[in-house]
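> Input target-v9.pdb, format and content: PDB, C-alpha atoms.
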MODEL        1
ATOM      1  CA  MET A 402       5.828  17.990 -42.658
ATOM      2  CA  LEU A 403       2.478  16.845 -41.232
ATOM      3  CA  GLU A 404       1.694  14.891 -44.396
ATOM      4  CA  LYS A 405       5.094  13.144 -44.261
ATOM      5  CA  ILE A 406       4.508  12.213 -40.618
ATOM      6  CA  LYS A 407       1.027  10.921 -41.438
ATOM      7  CA  GLU A 408       2.371   8.736 -44.278
ATOM      8  CA  ALA A 409       4.964   7.152 -41.966
ATOM      9  CA  VAL A 410       2.395   6.627 -39.186
ATOM     10  CA  GLU A 411      -0.049   4.975 -41.594
ATOM     11  CA  TYR A 412       2.685   2.630 -42.817
ATOM     12  CA  ILE A 413       3.856   1.616 -39.320
ATOM     13  CA  ARG A 414       0.513   1.317 -37.509
ATOM     14  CA  PRO A 415      -0.597  -2.022 -39.085
ATOM     15  CA  PHE A 416       2.581  -3.678 -37.720
ATOM     16  CA  LEU A 417       1.638  -2.783 -34.131
ATOM     17  CA  SER A 418      -0.748  -5.354 -32.689
ATOM     18  CA  GLU A 419      -0.834  -3.393 -29.408
ATOM     19  CA  GLN A 420      -0.172   0.188 -28.374
ATOM     20  CA  PRO A 421       3.437   0.538 -27.179
ATOM     21  CA  GLU A 422       3.885   2.648 -24.064
ATOM     22  CA  TYR A 423       7.571   3.285 -24.767
ATOM     23  CA  VAL A 424       9.978   3.802 -27.609
ATOM     24  CA  VAL A 425      13.500   2.651 -26.813
ATOM     25  CA  VAL A 426      16.196   4.225 -28.987
ATOM     26  CA  LEU A 427      19.138   1.850 -29.046
ATOM     27  CA  GLY A 428      22.566   3.420 -29.248
ATOM     28  CA  SER A 429      25.646   1.524 -30.365
ATOM     29  CA  GLY A 430      26.123  -0.052 -26.935
ATOM     30  CA  LEU A 431      22.601  -1.377 -26.429
ATOM     31  CA  GLY A 432      21.972  -3.044 -29.766
ATOM     32  CA  LYS A 433      21.821  -6.460 -28.101
ATOM     33  CA  LEU A 434      18.661  -5.452 -26.225
ATOM     34  CA  GLN A 435      16.696  -6.170 -29.400
ATOM     35  CA  ASN A 436      17.489  -9.861 -28.806
ATOM     36  CA  GLU A 437      15.283  -9.706 -25.684
ATOM     37  CA  VAL A 438      12.178  -8.798 -27.688
ATOM     38  CA  GLU A 439       9.562 -11.547 -27.994
ATOM     39  CA  GLU A 440       6.941 -11.794 -30.753
ATOM     40  CA  LYS A 441       9.284  -9.591 -32.766
ATOM     41  CA  VAL A 442       8.163  -7.681 -35.852
ATOM     42  CA  VAL A 443      10.936  -5.897 -37.785
ATOM     43  CA  ILE A 444      10.186  -2.872 -39.982
ATOM     44  CA  ASP A 445      13.123  -1.732 -42.130
ATOM     45  CA  TYR A 446      13.584   2.035 -42.278
ATOM     46  CA  LYS A 447      14.013   1.815 -46.047
ATOM     47  CA  ASN A 448      10.350   0.749 -46.321
ATOM     48  CA  ILE A 449       8.927   3.514 -44.089
ATOM     49  CA  PRO A 450       7.860   6.546 -46.122
ATOM     50  CA  ASN A 451      10.005   9.645 -45.482
ATOM     51  CA  PHE A 452      12.234   7.926 -42.880
ATOM     52  CA  PRO A 453      15.950   8.796 -43.040
ATOM     53  CA  GLN A 454      18.446   5.972 -43.451
ATOM     54  CA  THR A 455      21.211   5.058 -41.027
ATOM     55  CA  THR A 456      24.810   5.470 -42.140
ATOM     56  CA  VAL A 457      26.715   4.778 -38.912
ATOM     57  CA  GLU A 458      28.308   1.358 -38.465
ATOM     58  CA  GLY A 459      26.475  -0.667 -35.819
ATOM     59  CA  HIS A 460      23.162   1.119 -36.393
ATOM     60  CA  LYS A 461      20.937  -1.535 -37.953
ATOM     61  CA  GLY A 462      18.232   0.635 -39.530
ATOM     62  CA  SER A 463      14.948  -0.855 -38.376
ATOM     63  CA  LEU A 464      12.063  -0.461 -35.987
ATOM     64  CA  ILE A 465      11.422  -3.473 -33.813
ATOM     65  CA  PHE A 466       8.012  -4.043 -32.293
ATOM     66  CA  GLY A 467       7.316  -6.750 -29.761
ATOM     67  CA  LYS A 468       7.215  -7.460 -26.057
ATOM     68  CA  ILE A 469       9.709  -7.321 -23.244
ATOM     69  CA  GLU A 470       8.470  -9.027 -20.087
ATOM     70  CA  GLY A 471       4.969  -9.016 -21.551
ATOM     71  CA  ARG A 472       4.856  -5.262 -22.251
ATOM     72  CA  PRO A 473       4.580  -3.923 -25.805
ATOM     73  CA  VAL A 474       7.565  -1.852 -26.873
ATOM     74  CA  LEU A 475       8.835  -0.222 -30.041
ATOM     75  CA  MET A 476      12.593   0.041 -30.550
ATOM     76  CA  MET A 477      14.693   2.069 -32.918
ATOM     77  CA  ALA A 478      17.671  -0.069 -33.910
ATOM     78  CA  GLY A 479      19.793   2.735 -35.288
ATOM     79  CA  ARG A 480      19.222   6.442 -35.500
ATOM     80  CA  PHE A 481      20.245   9.500 -37.457
ATOM     81  CA  HIS A 482      22.763  12.114 -36.436
ATOM     82  CA  PHE A 483      23.255  15.789 -37.204
ATOM     83  CA  TYR A 484      26.938  15.078 -37.901
ATOM     84  CA  GLU A 485      25.917  12.724 -40.725
ATOM     85  CA  GLY A 486      24.529  15.731 -42.584
ATOM     86  CA  TYR A 487      20.894  15.334 -41.577
ATOM     87  CA  SER A 488      18.934  18.429 -40.565
ATOM     88  CA  MET A 489      17.371  18.599 -37.111
ATOM     89  CA  LYS A 490      13.976  18.098 -38.758
ATOM     90  CA  GLU A 491      15.244  14.804 -40.202
ATOM     91  CA  VAL A 492      16.993  13.755 -36.978
ATOM     92  CA  THR A 493      13.815  14.325 -34.954
ATOM     93  CA  PHE A 494      11.369  13.038 -37.596
ATOM     94  CA  PRO A 495      11.007   9.614 -35.900
ATOM     95  CA  MET A 496      10.005  11.275 -32.602
ATOM     96  CA  ARG A 497       7.238  13.124 -34.406
ATOM     97  CA  VAL A 498       6.108   9.862 -35.985
ATOM     98  CA  PHE A 499       6.061   8.179 -32.566
ATOM     99  CA  LYS A 500       3.897  10.991 -31.224
ATOM    100  CA  GLY A 501       1.580  10.377 -34.183
ATOM    101  CA  LEU A 502       1.445   6.734 -33.097
ATOM    102  CA  GLY A 503       0.371   7.849 -29.604
ATOM    103  CA  ILE A 504       3.660   7.012 -27.877
ATOM    104  CA  GLU A 505       4.620   9.614 -25.272
ATOM    105  CA  LYS A 506       7.578   8.010 -23.450
ATOM    106  CA  VAL A 507      11.076   7.645 -24.873
ATOM    107  CA  ILE A 508      14.097   5.874 -23.444
ATOM    108  CA  LEU A 509      17.110   7.171 -25.320
ATOM    109  CA  SER A 510      20.552   5.619 -25.073
ATOM    110  CA  ASN A 511      23.846   6.609 -26.602
ATOM    111  CA  ALA A 512      27.576   6.249 -26.231
ATOM    112  CA  SER A 513      29.355   9.561 -25.748
ATOM    113  CA  GLY A 514      32.504  11.077 -24.389
ATOM    114  CA  GLY A 515      32.773  12.768 -21.042
ATOM    115  CA  VAL A 516      34.770  15.454 -19.306
ATOM    116  CA  ASN A 517      34.140  14.465 -15.687
ATOM    117  CA  ARG A 518      37.448  12.983 -14.488
ATOM    118  CA  ASP A 519      35.559  10.701 -12.073
ATOM    119  CA  TYR A 520      33.833   8.944 -14.986
ATOM    120  CA  ARG A 521      35.394   6.037 -16.866
ATOM    121  CA  VAL A 522      34.781   4.497 -20.276
ATOM    122  CA  GLY A 523      31.712   2.276 -20.004
ATOM    123  CA  ASP A 524      30.106   4.096 -17.065
ATOM    124  CA  ALA A 525      26.333   4.355 -17.213
ATOM    125  CA  VAL A 526      25.175   7.947 -16.758
ATOM    126  CA  MET A 527      21.594   9.066 -16.119
ATOM    127  CA  VAL A 528      21.091  12.409 -17.842
ATOM    128  CA  THR A 529      19.512  14.975 -15.532
ATOM    129  CA  ASP A 530      19.586  17.933 -17.923
ATOM    130  CA  HIS A 531      21.221  19.003 -21.149
ATOM    131  CA  ILE A 532      22.868  21.971 -22.808
ATOM    132  CA  ASN A 533      22.378  22.311 -26.562
ATOM    133  CA  PHE A 534      25.533  23.619 -28.269
ATOM    134  CA  MET A 535      24.332  22.542 -31.697
ATOM    135  CA  PRO A 536      24.041  25.272 -34.332
ATOM    136  CA  GLU A 537      20.369  24.323 -34.816
ATOM    137  CA  HIS A 538      17.534  22.868 -32.772
ATOM    138  CA  PRO A 539      14.396  20.866 -33.641
ATOM    139  CA  LEU A 540      11.982  23.714 -32.805
ATOM    140  CA  HIS A 541      13.455  25.969 -35.496
ATOM    141  CA  GLY A 542      11.082  26.829 -38.340
ATOM    142  CA  GLU A 543       7.332  26.531 -38.708
ATOM    143  CA  ASN A 544       5.451  25.326 -35.627
ATOM    144  CA  TYR A 545       2.766  22.671 -35.936
ATOM    145  CA  ASP A 546       0.273  22.879 -33.081
ATOM    146  CA  GLU A 547      -0.607  19.212 -33.679
ATOM    147  CA  LEU A 548       2.914  18.272 -32.556
ATOM    148  CA  GLY A 549       3.026  20.464 -29.473
ATOM    149  CA  PRO A 550       3.664  24.001 -28.346
ATOM    150  CA  ARG A 551       6.225  26.320 -29.917
ATOM    151  CA  PHE A 552       7.886  26.931 -26.547
ATOM    152  CA  VAL A 553       8.483  23.668 -24.724
ATOM    153  CA  ASP A 554       8.504  23.595 -20.919
ATOM    154  CA  MET A 555      12.110  22.765 -20.051
ATOM    155  CA  SER A 556      11.720  22.927 -16.257
ATOM    156  CA  GLU A 557      11.791  19.108 -16.170
ATOM    157  CA  PRO A 558      12.970  17.810 -19.560
ATOM    158  CA  TYR A 559      13.720  14.335 -18.155
ATOM    159  CA  ASP A 560      10.835  12.686 -16.328
ATOM    160  CA  LYS A 561      11.576  12.605 -12.611
ATOM    161  CA  LYS A 562       9.541   9.431 -11.953
ATOM    162  CA  MET A 563      11.263   7.528 -14.767
ATOM    163  CA  ARG A 564      14.709   8.628 -13.537
ATOM    164  CA  GLU A 565      13.889   7.641  -9.944
ATOM    165  CA  PHE A 566      12.633   4.241 -11.122
ATOM    166  CA  VAL A 567      15.868   3.560 -13.007
ATOM    167  CA  LEU A 568      18.066   4.740 -10.145
ATOM    168  CA  ASN A 569      16.143   2.604  -7.621
ATOM    169  CA  PHE A 570      16.286  -0.427  -9.922
ATOM    170  CA  ALA A 571      20.027   0.063 -10.333
ATOM    171  CA  LYS A 572      20.561   0.366  -6.593
ATOM    172  CA  GLU A 573      18.486  -2.750  -5.839
ATOM    173  CA  ASN A 574      20.488  -4.684  -8.437
ATOM    174  CA  GLU A 575      23.870  -3.242  -7.451
ATOM    175  CA  ILE A 576      24.333  -1.491 -10.795
ATOM    176  CA  GLU A 577      26.373   1.685 -10.592
ATOM    177  CA  ILE A 578      24.803   4.650 -12.379
ATOM    178  CA  LYS A 579      26.239   8.116 -12.295
ATOM    179  CA  GLU A 580      24.266  11.287 -13.006
ATOM    180  CA  GLY A 581      25.273  14.140 -15.269
ATOM    181  CA  VAL A 582      24.374  16.908 -17.663
ATOM    182  CA  TYR A 583      24.634  16.089 -21.379
ATOM    183  CA  LEU A 584      26.355  18.683 -23.549
ATOM    184  CA  GLY A 585      25.182  18.287 -27.124
ATOM    185  CA  LEU A 586      27.836  19.147 -29.730
ATOM    186  CA  GLN A 587      27.924  18.673 -33.501
ATOM    187  CA  GLY A 588      29.966  15.497 -33.280
TER     188      GLY A 588
ENDMDL
END
Represent the supplied structure as structure tokens.

Amino acid sequence: MLEKIKEAVEYIRPFLSEQPEYVVVLGSGLGKLQNEVEEKVVIDYKNIPNFPQTTVEGHKGSLIFGKIEGRPVLMMAGRFHFYEGYSMKEVTFPMRVFKGLGIEKVILSNASGGVNRDYRVGDAVMVTDHINFMPEHPLHGENYDELGPRFVDMSEPYDKKMREFVLNFAKENEIEIKEGVYLGLQG
């Protein structure tokens, strides 16, 4: 696993002229955000060693490096899902590569269903916690100390400062954001 991560990191690193602070994972609904990237460099997944390939319609299948409002960012235009038949190791492989690139912050978006009757299709929801009902999880199997501890601190899985920033930004700009707990199912 570590060798596969290293190969992907070594392939990607020359494309990054600056160190990105964030990775933004674009779900189906935020694909247009890649149009906001300036000084854009596109890296097709098919060229990255050991990277899975997207199979879901609307998921482009490339990393996009560039700047948004002058800040370096790396975006995943398309991702991989457990329901597509990928293992959790494959689904989470990009996150391990990003850690190898020195990126610690992730903004993850997705479109999903909801059970809260007060929510409507298209509502933006800030995830405050999650419940994993998947039959597997990414920490299953051999642990690699280089990637982090075996037992992850889940007392604050979603950064409080980042959530507060987004909620304040939304309020200042009159954007309605709800909050909720994400229940992860197989699909």
> When distances are computed from only C-alpha atoms, which of A:Gly542, A:Gly486, A:Gly515, A:Gly501 shows the smallest separation from Thr456 in chain A?
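When distances to Thr456 in chain A are compared using only C-alpha atoms, the smallest one comes from A:Gly486.
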> Which residues, written as a list of chain:residue names, have at least one atom at most 10 Å from Gln435 in chain A, with all atoms listed in the file counted and residues fewer than 3 positions away on the same chain left out?
A:Val425, A:Leu427, A:Leu431, A:Gly432, A:Val438, A:Glu439, A:Lys441, A:Leu464, A:Ile465, A:Phe466, A:Gly467, A:Ile469, A:Leu475, A:Met476, A:Met477, A:Ala478
> Any chance you could resolve the PyMOL selection byres ((chain A and resi 536) around 10) against this file and give the residues as a PDB file with C-alpha atoms, in the coordinates of the input?

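Output file expr.pdb follows:
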ATOM      1  CA  PHE A 483      23.255  15.789 -37.204  1.00  0.00           C
ATOM      2  CA  MET A 489      17.371  18.599 -37.111  1.00  0.00           C
ATOM      3  CA  ASN A 533      22.378  22.311 -26.562  1.00  0.00           C
ATOM      4  CA  PHE A 534      25.533  23.619 -28.269  1.00  0.00           C
ATOM      5  CA  MET A 535      24.332  22.542 -31.697  1.00  0.00           C
ATOM      6  CA  GLU A 537      20.369  24.323 -34.816  1.00  0.00           C
ATOM      7  CA  HIS A 538      17.534  22.868 -32.772  1.00  0.00           C
ATOM      8  CA  LEU A 586      27.836  19.147 -29.730  1.00  0.00           C
ATOM      9  CA  GLN A 587      27.924  18.673 -33.501  1.00  0.00           C
TER      10      GLN A 587
END
> The PyMOL selection byres ((chain A and resi 567) around 12) - which residues does that actually catch in the file I just gave you? List them as JSON, numbers by chain.
{"A": [508, 525, 526, 527, 528, 560, 561, 562, 563, 564, 565, 566, 568, 569, 570, 571, 572, 573, 574, 575, 576, 577, 578, 579, 580]}
> Can you list, as a count of residues only, every protein, DNA or RNA residue that comes within 7 Å of Val582 in chain A when you count only C-alpha atoms, leaving out same-chain residues fewer than 6 positions away?
4
> Nearest to Arg480 in chain A among A:Val426, A:Ser513, A:Leu502, A:Tyr520, with distances taken over only C-alpha atoms: which residue is it?
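Using only C-alpha atoms, Arg480 in chain A sits closest to A:Val426.
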